[in-house]
$ cat structure_1.csv   # CSV, C-alpha atoms and all ligand atoms
chain,number,residue,atom,x,y,z
J,21,MET,CA,-0.7,-6.0,-18.8
J,22,VAL,CA,1.8,-6.4,-16.0
J,23,ARG,CA,1.2,-5.2,-12.5
J,24,PRO,CA,4.2,-3.4,-11.1
J,25,ASP,CA,6.2,-5.4,-8.6
J,26,PHE,CA,6.0,-4.4,-4.9
J,27,PRO,CA,8.9,-3.7,-2.6
J,28,ARG,CA,9.6,-6.8,-0.5
J,29,SER,CA,11.0,-5.0,2.5
J,30,ILE,CA,11.3,-1.6,4.1
J,31,ILE,CA,14.9,-1.3,2.7
J,32,GLU,CA,13.7,-2.0,-0.8
J,33,PHE,CA,10.8,0.5,-0.4
J,34,GLN,CA,13.2,3.2,0.7
J,35,ARG,CA,15.4,2.5,-2.3
J,36,TRP,CA,12.5,2.8,-4.7
J,37,PHE,CA,11.0,5.9,-3.1
J,38,PRO,CA,13.8,7.9,-1.5
J,39,ASP,CA,12.2,11.3,-2.1
J,40,ASP,CA,9.4,13.2,-3.7
J,41,GLU,CA,10.9,13.0,-7.1
J,42,ALA,CA,10.9,9.2,-7.1
J,43,CYS,CA,7.3,9.2,-5.9
J,44,ARG,CA,6.3,11.7,-8.6
J,45,ASP,CA,7.9,9.5,-11.3
J,46,TYR,CA,6.0,6.5,-9.9
J,47,LEU,CA,2.8,8.4,-10.0
J,48,ILE,CA,3.4,9.2,-13.7
J,49,SER,CA,4.2,5.7,-14.6
J,50,SER,CA,1.2,4.4,-12.8
J,51,ARG,CA,-1.3,6.8,-14.3
J,52,TRP,CA,0.2,7.4,-17.8
J,53,SER,CA,1.5,4.0,-18.6
J,54,GLU,CA,1.3,4.8,-22.3
J,55,GLY,CA,2.8,8.3,-21.9
J,56,PHE,CA,1.2,11.7,-22.0
J,57,ARG,CA,-1.8,12.4,-24.2
J,58,CYS,CA,-3.4,15.8,-24.1
J,59,PRO,CA,-7.1,15.5,-23.3
J,60,ARG,CA,-7.8,18.7,-25.3
J,61,CYS,CA,-5.7,18.4,-28.5
J,62,ASP,CA,-4.3,14.8,-28.4
J,63,GLU,CA,-0.7,16.0,-28.4
J,64,GLN,CA,1.8,13.5,-27.0
J,65,VAL,CA,4.5,15.8,-25.9
J,66,ALA,CA,4.4,17.6,-22.7
J,67,VAL,CA,6.5,19.6,-20.3
J,68,LEU,CA,6.6,18.4,-16.7
J,69,LEU,CA,6.1,21.3,-14.2
J,70,ALA,CA,7.6,19.3,-11.5
J,71,LYS,CA,7.0,21.6,-8.5
J,72,ARG,CA,3.4,22.0,-9.2
J,73,LEU,CA,2.9,18.4,-10.2
J,74,LEU,CA,1.5,19.3,-13.6
J,75,TRP,CA,1.9,18.2,-17.2
J,76,GLN,CA,1.8,21.1,-19.6
J,77,CYS,CA,0.8,20.2,-23.2
J,78,SER,CA,3.6,21.3,-25.6
J,79,ALA,CA,1.1,22.2,-28.3
J,80,CYS,CA,-1.8,24.0,-26.6
J,81,ARG,CA,-0.3,24.5,-23.1
J,82,TYR,CA,-3.2,22.8,-21.5
J,83,GLN,CA,-2.3,21.7,-18.0
J,84,VAL,CA,-3.1,18.3,-16.5
J,85,SER,CA,-2.7,17.6,-12.8
J,86,LEU,CA,-0.6,14.5,-11.9
J,87,THR,CA,-2.6,14.0,-8.8
J,88,ALA,CA,-6.2,14.8,-9.8
J,89,GLY,CA,-8.6,12.2,-8.5
J,90,THR,CA,-6.1,10.7,-6.0
J,91,VAL,CA,-5.7,11.1,-2.3
J,92,LEU,CA,-2.6,13.1,-3.0
J,93,HIS,CA,-4.5,16.0,-4.7
J,94,GLY,CA,-4.1,19.4,-3.2
J,95,THR,CA,-2.1,18.2,-0.3
J,96,ARG,CA,0.8,20.1,1.2
J,97,THR,CA,2.2,17.0,2.8
J,98,PRO,CA,5.3,15.8,0.8
J,99,LEU,CA,4.5,12.9,-1.6
J,100,HIS,CA,7.1,10.6,0.0
J,101,LEU,CA,5.3,10.8,3.4
J,102,TRP,CA,2.1,9.8,1.7
J,103,PHE,CA,3.8,6.9,0.1
J,104,TRP,CA,5.2,5.8,3.4
J,105,ALA,CA,1.9,6.0,5.1
J,106,ALA,CA,0.2,4.0,2.3
J,107,TYR,CA,3.0,1.4,2.5
J,108,LEU,CA,2.8,1.1,6.2
J,109,MET,CA,-1.0,0.9,6.1
J,110,SER,CA,-1.2,-1.6,3.3
J,111,THR,CA,1.5,-4.0,4.4
J,112,GLY,CA,1.8,-4.0,8.2
J,113,THR,CA,-0.5,-6.8,9.3
J,114,PRO,CA,-1.6,-4.8,12.3
J,115,GLY,CA,-1.9,-1.5,10.4
J,116,ILE,CA,-0.8,1.6,12.1
J,117,SER,CA,-2.2,4.2,14.4
J,118,ALA,CA,-1.9,8.0,13.9
J,119,VAL,CA,0.5,8.2,16.9
J,120,GLN,CA,2.8,5.6,15.4
J,121,LEU,CA,2.6,7.2,12.0
J,122,GLN,CA,3.5,10.6,13.4
J,123,ARG,CA,6.4,9.1,15.3
J,124,GLN,CA,7.8,6.9,12.6
J,125,LEU,CA,7.6,9.5,9.8
J,126,GLY,CA,8.7,12.4,12.0
J,127,ILE,CA,5.5,14.3,11.2
J,128,LYS,CA,5.3,17.5,13.3
J,129,ARG,CA,1.6,17.6,14.0
J,130,TYR,CA,-0.5,14.7,15.2
J,131,GLU,CA,-3.5,16.2,13.2
J,132,THR,CA,-1.5,15.8,9.9
J,133,ALA,CA,-0.9,12.1,10.6
J,134,TRP,CA,-4.4,11.6,11.7
J,135,MET,CA,-5.8,13.3,8.5
J,136,MET,CA,-3.5,11.2,6.3
J,137,LEU,CA,-4.7,8.0,7.8
J,138,HIS,CA,-8.3,9.2,7.6
J,139,LYS,CA,-8.0,10.0,3.9
J,140,LEU,CA,-6.3,6.7,3.1
J,141,ARG,CA,-9.0,4.8,5.0
J,142,ARG,CA,-11.6,6.4,2.8
J,143,ALA,CA,-10.1,4.6,-0.1
J,144,MET,CA,-10.6,1.3,1.7
J,145,VAL,CA,-14.4,1.0,1.1
J,146,ASN,CA,-14.9,-0.4,-2.4
J,147,PRO,CA,-18.6,-0.2,-3.3
J,148,GLU,CA,-18.1,-2.5,-6.3
J,149,ARG,CA,-16.7,-5.4,-4.3
J,150,THR,CA,-17.9,-8.7,-5.5
J,151,SER,CA,-19.9,-11.2,-3.4
J,152,LEU,CA,-18.3,-13.9,-1.3
J,153,THR,CA,-18.8,-17.4,-2.7
J,154,GLY,CA,-19.5,-20.5,-0.7
J,155,PRO,CA,-18.8,-22.2,1.5
J,156,VAL,CA,-18.9,-19.3,4.0
J,157,GLU,CA,-18.9,-19.2,7.8
J,158,VAL,CA,-20.9,-16.5,9.5
J,159,ASP,CA,-21.1,-15.4,13.1
J,160,GLU,CA,-21.5,-12.3,15.2
J,161,CYS,CA,-19.5,-10.9,18.1
J,162,PHE,CA,-19.5,-8.0,20.5
J,163,VAL,CA,-16.8,-5.4,20.2
J,164,GLY,CA,-16.2,-3.0,23.1
J,165,GLY,CA,-15.2,-2.9,26.7
J,166,LEU,CA,-16.2,-5.4,29.3
J,167,GLU,CA,-19.7,-5.1,30.6
J,168,HIS,CA,-21.2,-6.8,33.6
J,169,GLY,CA,-24.7,-7.9,34.4
J,170,LEU,CA,-25.8,-8.9,30.9
J,171,ARG,CA,-27.4,-12.2,30.5
J,172,GLY,CA,-25.1,-13.4,27.8
J,173,GLY,CA,-26.2,-14.7,24.4
J,174,ARG,CA,-27.0,-11.9,22.0
J,175,GLN,CA,-27.8,-9.2,24.6
J,176,ARG,CA,-25.7,-6.3,23.6
J,177,GLY,CA,-25.7,-3.6,26.3
J,178,THR,CA,-23.7,-0.6,25.0
J,179,LYS,CA,-21.2,-2.7,23.0
J,180,ALA,CA,-21.2,-2.8,19.3
J,181,LEU,CA,-22.5,-6.0,17.6
J,182,VAL,CA,-20.6,-7.0,14.5
J,183,VAL,CA,-21.4,-9.7,12.0
J,184,VAL,CA,-18.6,-11.5,10.2
J,185,ALA,CA,-18.5,-13.7,7.1
J,186,VAL,CA,-15.5,-15.5,5.8
J,187,GLU,CA,-15.0,-17.8,2.8
J,188,VAL,CA,-13.9,-21.4,3.6
J,189,ARG,CA,-11.0,-22.3,1.4
J,190,GLY,CA,-9.5,-25.6,2.2
J,191,ALA,CA,-8.0,-25.4,5.7
J,192,GLY,CA,-7.6,-21.7,5.3
J,193,SER,CA,-9.7,-18.5,4.7
J,194,GLY,CA,-10.6,-16.7,1.6
J,195,ARG,CA,-12.1,-13.2,1.7
J,196,LEU,CA,-13.8,-11.5,4.6
J,197,ARG,CA,-16.7,-9.1,5.3
J,198,MET,CA,-17.5,-7.4,8.6
J,199,GLN,CA,-20.3,-5.1,9.4
J,200,VAL,CA,-21.7,-3.3,12.5
J,201,ILE,CA,-25.3,-4.3,13.0
J,202,SER,CA,-28.1,-3.0,15.2
J,203,ASP,CA,-29.3,-6.4,16.4
J,204,ALA,CA,-29.1,-10.1,15.7
J,205,SER,CA,-32.6,-10.5,14.3
J,206,ALA,CA,-33.3,-12.7,11.3
J,207,ASP,CA,-34.0,-9.5,9.2
J,208,THR,CA,-30.7,-8.0,10.0
J,209,LEU,CA,-28.5,-11.1,9.7
J,210,CYS,CA,-30.1,-12.4,6.6
J,211,ARG,CA,-29.9,-9.0,4.9
J,212,PHE,CA,-26.2,-8.9,5.7
J,213,VAL,CA,-25.8,-12.4,4.1
J,214,GLN,CA,-27.7,-11.4,1.1
J,215,ASP,CA,-25.6,-8.3,0.6
J,216,ALA,CA,-22.3,-10.1,1.2
J,217,VAL,CA,-22.7,-13.6,-0.1
J,218,ALA,CA,-23.6,-14.9,-3.6
J,219,PRO,CA,-27.0,-16.6,-3.8
J,220,GLY,CA,-27.2,-20.3,-3.2
J,221,ALA,CA,-23.9,-20.5,-1.3
J,222,ASN,CA,-23.2,-23.1,1.3
J,223,MET,CA,-23.6,-21.3,4.7
J,224,HIS,CA,-22.1,-22.5,8.0
J,225,THR,CA,-23.5,-20.9,11.2
J,226,ASP,CA,-24.1,-21.8,14.8
J,227,GLY,CA,-27.6,-22.8,16.0
J,228,TRP,CA,-28.9,-19.2,16.4
J,229,PRO,CA,-32.5,-19.2,15.2
J,230,SER,CA,-32.2,-16.0,13.1
J,231,TYR,CA,-30.2,-17.9,10.5
J,232,ARG,CA,-32.9,-20.5,9.9
J,233,ARG,CA,-34.4,-18.2,7.2
J,234,LEU,CA,-31.3,-18.6,5.0
J,235,THR,CA,-32.8,-21.8,3.6
J,236,LYS,CA,-35.9,-20.0,2.5
J,237,LEU,CA,-33.7,-17.4,0.9
J,238,GLY,CA,-32.1,-20.0,-1.3
J,239,TYR,CA,-28.9,-20.7,0.6
J,240,GLU,CA,-27.7,-24.1,1.6
J,241,HIS,CA,-27.7,-23.7,5.3
J,242,HIS,CA,-25.7,-25.9,7.7
J,243,PRO,CA,-26.3,-24.8,11.3
J,244,ARG,CA,-24.0,-26.5,13.8
J,245,THR,CA,-24.9,-26.6,17.4
J,246,GLN,CA,-22.6,-27.1,20.3
J,247,ARG,CA,-22.9,-30.2,22.3
J,248,PRO,CA,-25.2,-29.5,25.3
J,249,GLY,CA,-23.4,-28.6,28.5
J,250,ARG,CA,-20.1,-27.8,26.7
J,251,ILE,CA,-19.8,-24.3,25.5
J,252,ALA,CA,-16.1,-23.7,26.1
J,253,VAL,CA,-14.4,-21.4,23.7
J,254,GLU,CA,-12.4,-24.3,22.3
J,255,ASP,CA,-15.6,-26.0,21.2
J,256,LEU,CA,-17.0,-22.8,19.6
J,257,ASP,CA,-13.7,-22.5,17.7
J,258,ASP,CA,-14.2,-26.1,16.4
J,259,ILE,CA,-17.6,-25.2,15.0
J,260,LEU,CA,-16.6,-22.1,13.0
J,261,PRO,CA,-12.8,-21.9,13.2
J,262,ARG,CA,-12.2,-19.3,10.4
J,263,VAL,CA,-14.7,-16.8,11.5
J,264,HIS,CA,-13.6,-17.0,15.1
J,265,ARG,CA,-10.0,-16.6,14.1
J,266,ALA,CA,-10.9,-13.5,12.2
J,267,ILE,CA,-12.8,-12.1,15.2
J,268,SER,CA,-10.0,-12.8,17.5
J,269,ASN,CA,-7.5,-11.1,15.2
J,270,LEU,CA,-9.8,-8.1,14.8
J,271,LYS,CA,-10.1,-7.7,18.6
J,272,SER,CA,-6.4,-7.9,19.3
J,273,TRP,CA,-5.8,-5.4,16.5
J,274,LEU,CA,-8.4,-3.0,17.8
J,275,GLN,CA,-7.0,-3.4,21.3
J,276,GLY,CA,-3.3,-3.6,20.5
J,277,THR,CA,-2.9,-1.0,17.8
J,278,HIS,CA,-5.7,1.4,18.5
J,279,LYS,CA,-6.3,0.9,22.3
J,280,GLY,CA,-9.9,0.3,21.6
J,281,VAL,CA,-12.3,2.1,19.2
J,282,SER,CA,-15.6,3.9,20.0
J,283,ALA,CA,-18.7,2.3,18.6
J,284,GLU,CA,-19.5,5.2,16.3
J,285,HIS,CA,-16.2,4.9,14.4
J,286,LEU,CA,-16.0,1.1,14.5
J,287,GLN,CA,-17.2,0.5,10.9
J,288,VAL,CA,-14.3,2.5,9.5
J,289,TYR,CA,-11.9,0.3,11.3
J,290,LEU,CA,-13.7,-2.9,10.2
J,291,ASP,CA,-13.3,-1.7,6.6
J,292,GLU,CA,-9.6,-1.2,7.2
J,293,PHE,CA,-9.2,-4.6,8.7
J,294,VAL,CA,-11.1,-6.3,5.9
J,295,PHE,CA,-9.3,-4.3,3.2
J,296,ARG,CA,-5.9,-5.4,4.4
J,297,PHE,CA,-7.0,-9.0,5.0
J,298,ASN,CA,-8.6,-9.4,1.6
J,299,ARG,CA,-5.5,-8.0,-0.1
J,300,ARG,CA,-2.9,-9.8,2.0
J,301,ARG,CA,-1.6,-11.6,-1.1
J,302,THR,CA,-1.7,-8.5,-3.4
J,303,PRO,CA,0.0,-5.7,-1.4
J,304,MET,CA,0.9,-3.7,-4.6
J,305,ALA,CA,-2.8,-3.5,-5.5
J,306,ALA,CA,-3.6,-2.4,-1.9
J,307,PHE,CA,-0.9,0.2,-2.0
J,308,GLN,CA,-2.1,1.7,-5.3
J,309,THR,CA,-5.7,1.6,-4.3
J,310,LEU,CA,-4.9,3.6,-1.2
J,311,LEU,CA,-3.2,6.2,-3.2
J,312,GLY,CA,-6.0,6.4,-5.7
J,313,LEU,CA,-3.9,4.9,-8.5
J,314,GLY,CA,-5.9,1.7,-8.5
J,315,SER,CA,-7.9,2.3,-11.7
J,316,HIS,CA,-4.7,2.5,-13.8
J,317,GLN,CA,-2.9,-0.7,-13.1
J,318,GLN,CA,-0.9,-0.9,-16.3
J,319,SER,CA,2.8,-0.5,-15.8
J,320,ALA,CA,5.3,1.0,-18.1
J,321,THR,CA,9.0,1.4,-18.3
J,322,TYR,CA,10.7,4.6,-17.6
J,323,GLU,CA,11.9,4.9,-21.2
J,324,GLU,CA,8.3,4.9,-22.3
J,325,ILE,CA,7.4,7.6,-19.9
J,326,TYR,CA,10.4,9.8,-20.5
J,327,ALA,CA,10.2,9.4,-24.3
J,328,VAL,CA,7.6,12.2,-24.2
J,329,LYS,CA,9.4,14.2,-21.6
J,330,VAL,CA,11.2,17.4,-22.5
J,331,ARG,CA,13.3,17.9,-19.4
J,332,PRO,CA,15.8,15.1,-18.6
J,333,THR,CA,15.8,13.7,-15.1
J,334,PRO,CA,18.6,11.9,-13.3
J,335,VAL,CA,18.5,8.1,-13.7
J,336,ARG,CA,17.6,6.2,-10.6
J,337,ASP,CA,16.6,2.7,-9.6
J,338,PRO,CA,13.2,2.4,-11.2
J,339,PRO,CA,10.3,1.4,-9.0
J,340,LEU,CA,8.9,-0.7,-11.9
J,341,ARG,CA,10.4,-4.1,-12.6
A,401,ZN,ZN,-2.9,20.0,-25.9

$ encode --input "structure_1.csv" --output "structure tokens" --more "lines below"
Ligand SMILES: [Zn+2]
Amino acid sequence: MVRPDFPRSIIEFQRWFPDDEACRDYLISSRWSEGFRCPRCDEQVAVLLAKRLLWQCSACRYQVSLTAGTVLHGTRTPLHLWFWAAYLMSTGTPGISAVQLQRQLGIKRYETAWMMLHKLRRAMVNPERTSLTGPVEVDECFVGGLEHGLRGGRQRGTKALVVVAVEVRGAGSGRLRMQVISDASADTLCRFVQDAVAPGANMHTDGWPSYRRLTKLGYEHHPRTQRPGRIAVEDLDDILPRVHRAISNLKSWLQGTHKGVSAEHLQVYLDEFVFRFNRRRTPMAAFQTLLGLGSHQQSATYEEIYAVKVRPTPVRDPPLR
């Protein structure tokens, strides 16, 4: 099983997906890697009703939608715009805002751009995601505008509190989890760890008392406290460098790309940030997941696909390598 290659640049992307027809062909090769097979009569020959994005079985005339179960289903927005949106969203490190998407793709209405991003974001929450494995750094942070008069520490005011866990992998980071939480109590933080991290993992935290329970829960807990009298940011970064790097990247993304995000929508943006971070080395998988093609990762050559096709199509640069 070979995963299709991914365009290495915008130029290449444009060459692979110049129009709706190319996108449709890609859709077919992603979902029907072994060619058409009628779900009703098992026939292997079909006619492509291109305009309506349907296969029609040559034997029993049963019709199969090319887009059923994907984000592309029932949309009036052209396929190639969807492909562009998914590409920009899955590859651009900072992601993309609705305003940018509207401008870059020349979409008439802001609402259309916003709805596209919204639908693509829904594909970013994967309920079957596997647990992080140790060692893992965990810490919390506030996300939101500046607020004065708070005592510091874990007092939250009206800002959102977010807990972040990241795998330690050599000098770098592995996978990431982020979640909006209601408070920094032992119940809340330890429940997050239990949901996100495999049992028994090596956990690195700061000296916040809520994390002490982790030992009782079977984790190998390594709290690290700052030296007294020295709580400069540099020192904090030395204690949990990966989680703090992730937090700082998150904040500049929220501020830079989205000009801040309200607390009620924050989790959706955290999911997007985590999705892209965790797939930074597999952009093709990210792209397909966003479009809803993720469950059929097998690739196929165009010859295999078009062997079952009745109508000939012009030859073009295939998106599959
Ligand atoms: Zn049939």

$ residues_near_ligand --input "structure_1.csv" --ligand "ligand ZN 401 (chain A)" --cutoff "7 Å" --atoms "all atoms listed in the file" --output "list in words"
Cys58, Pro59, Arg60, Cys61, Asp62, Glu63, Cys77, Ser78, Ala79, Cys80, Arg81 and Tyr82 of chain J

$ atom_distance --input "structure_1.csv" --atom1 "atom CA of Asp207 of chain J" --atom2 "atom CA of Val263 of chain J"
20.8 Å

$ closest_residue --input "structure_1.csv" --among "J:Val119, J:Ala216, J:Ala305, J:Val91" --to "Arg142 of chain J" --atoms "only C-alpha atoms"
J:Val91

$ residues_around --input "structure_1.csv" --residues "His264 of chain J" --least-positions-apart "2" --cutoff "10 Å" --atoms "all atoms listed in the file" --output "list in words"
Glu157, Val158, Asp159, Glu160, Cys161, Val184, Ala185, Val186, Val253, Leu256, Asp257, Asp258, Ile259, Leu260, Pro261, Arg262, Ala266, Ile267, Ser268, Asn269 and Leu270 of chain J

$ residues_around --input "structure_1.csv" --residues "Thr302 of chain J" --least-positions-apart "3" --cutoff "10 Å" --atoms "all atoms listed in the file" --output "NGL selection string"
:J and (25-26 or 110-111 or 296-299 or 305-307)

$ closest_residue --input "structure_1.csv" --among "J:Thr150, J:Gln308, J:Asn222, J:Ser282" --to "Trp102 of chain J" --atoms "all atoms listed in the file"
J:Gln308

$ residues_around --input "structure_1.csv" --residues "Leu237 of chain J" --least-positions-apart "3" --cutoff "10 Å" --atoms "all atoms listed in the file" --output "count of residues only"
10

$ residues_around --input "structure_1.csv" --residues "Lys271 of chain J" --least-positions-apart "6" --cutoff "10 Å" --atoms "all atoms listed in the file" --output "PyMOL selection string"
chain J and resi 161-164+265+277+280

$ atom_distance --input "structure_1.csv" --atom1 "atom CA of Ile30 of chain J" --atom2 "atom CA of Pro98 of chain J"
18.7 Å

$ atom_distance --input "structure_1.csv" --atom1 "atom CA of Glu284 of chain J" --atom2 "atom CA of Lys128 of chain J"
27.8 Å

$ residues_around --input "structure_1.csv" --residues "Asp39 of chain J" --least-positions-apart "4" --cutoff "10 Å" --atoms "all atoms listed in the file" --output "ChimeraX atom specification"
/J:34-35,43-44,98-101,103

$ closest_residue --input "structure_1.csv" --among "J:Trp75, J:Tyr46, J:Trp52, J:Trp273" --to "Leu311 of chain J" --atoms "all atoms listed in the file"
J:Tyr46

$ closest_residue --input "structure_1.csv" --among "J:Met144, J:Leu47, J:Val156, J:Leu92" --to "Val294 of chain J" --atoms "all atoms listed in the file"
J:Met144

$ residues_near_point --input "structure_1.csv" --point "(6.1, 22.0, -8.5)" --cutoff "12 Å" --atoms "only C-alpha atoms" --output "list in words"
Asp40, Glu41, Arg44, Leu68, Leu69, Ala70, Lys71, Arg72, Leu73, Leu74, Trp75, Gln76, Ser85, Leu86, Thr87, Gly94, Arg96, Pro98 and Leu99 of chain J

$ decode --input "structure_1.csv" --residues "segment 138-156 of chain J" --atoms "N, CA, C and O atoms" --output "tab-separated table (two decimals), in the first residue's frame"
chain	number	residue	atom	x	y	z
J	138	HIS	N	-14.74	26.19	8.31
J	138	HIS	CA	-15.47	25.57	9.41
J	138	HIS	C	-15.67	24.08	9.17
J	138	HIS	O	-15.45	23.25	10.05
J	139	LYS	N	-16.08	23.75	7.95
J	139	LYS	CA	-16.30	22.33	7.63
J	139	LYS	C	-15.00	21.54	7.65
J	139	LYS	O	-14.96	20.40	8.09
J	140	LEU	N	-13.95	22.15	7.13
J	140	LEU	CA	-12.65	21.46	7.14
J	140	LEU	C	-12.16	21.27	8.57
J	140	LEU	O	-11.58	20.24	8.91
J	141	ARG	N	-12.43	22.25	9.43
J	141	ARG	CA	-12.00	22.13	10.83
J	141	ARG	C	-12.69	20.97	11.53
J	141	ARG	O	-12.12	20.34	12.40
J	142	ARG	N	-13.94	20.71	11.12
J	142	ARG	CA	-14.65	19.61	11.78
J	142	ARG	C	-13.96	18.28	11.57
J	142	ARG	O	-14.10	17.36	12.36
J	143	ALA	N	-13.22	18.19	10.47
J	143	ALA	CA	-12.48	16.95	10.19
J	143	ALA	C	-11.20	16.85	11.01
J	143	ALA	O	-10.49	15.87	10.94
J	144	MET	N	-10.92	17.89	11.79
J	144	MET	CA	-9.65	17.91	12.51
J	144	MET	C	-9.71	17.26	13.87
J	144	MET	O	-8.70	17.10	14.52
J	145	VAL	N	-10.89	16.92	14.33
J	145	VAL	CA	-11.00	16.24	15.61
J	145	VAL	C	-11.10	14.74	15.33
J	145	VAL	O	-12.04	14.29	14.71
J	146	ASN	N	-10.13	14.04	15.78
J	146	ASN	CA	-10.10	12.60	15.54
J	146	ASN	C	-10.34	11.87	16.86
J	146	ASN	O	-9.46	11.81	17.71
J	147	PRO	N	-11.53	11.32	17.05
J	147	PRO	CA	-11.85	10.71	18.34
J	147	PRO	C	-11.04	9.44	18.61
J	147	PRO	O	-10.92	9.01	19.75
J	148	GLU	N	-10.48	8.85	17.55
J	148	GLU	CA	-9.74	7.60	17.76
J	148	GLU	C	-8.25	7.83	17.95
J	148	GLU	O	-7.46	6.91	17.85
J	149	ARG	N	-7.88	9.07	18.18
J	149	ARG	CA	-6.45	9.34	18.29
J	149	ARG	C	-5.84	8.54	19.44
J	149	ARG	O	-6.46	8.33	20.48
J	150	THR	N	-4.62	8.14	19.24
J	150	THR	CA	-3.96	7.30	20.24
J	150	THR	C	-3.28	8.16	21.30
J	150	THR	O	-2.98	9.32	21.07
J	151	SER	N	-3.06	7.55	22.45
J	151	SER	CA	-2.47	8.27	23.58
J	151	SER	C	-1.03	8.67	23.29
J	151	SER	O	-0.31	7.99	22.58
J	152	LEU	N	-0.65	9.79	23.88
J	152	LEU	CA	0.76	10.17	23.87
J	152	LEU	C	1.53	9.16	24.72
J	152	LEU	O	0.99	8.59	25.66
J	153	THR	N	2.79	8.96	24.37
J	153	THR	CA	3.62	8.08	25.19
J	153	THR	C	4.79	8.89	25.76
J	153	THR	O	5.21	9.90	25.18
J	154	GLY	N	5.30	8.42	26.89
J	154	GLY	CA	6.31	9.18	27.62
J	154	GLY	C	7.68	9.17	26.95
J	154	GLY	O	7.91	8.37	26.04
J	155	PRO	N	8.55	10.06	27.41
J	155	PRO	CA	8.28	11.12	28.38
J	155	PRO	C	7.43	12.24	27.79
J	155	PRO	O	7.49	12.50	26.61
J	156	VAL	N	6.65	12.89	28.66
J	156	VAL	CA	5.72	13.94	28.23
J	156	VAL	C	5.86	15.15	29.16
J	156	VAL	O	5.94	14.99	30.38
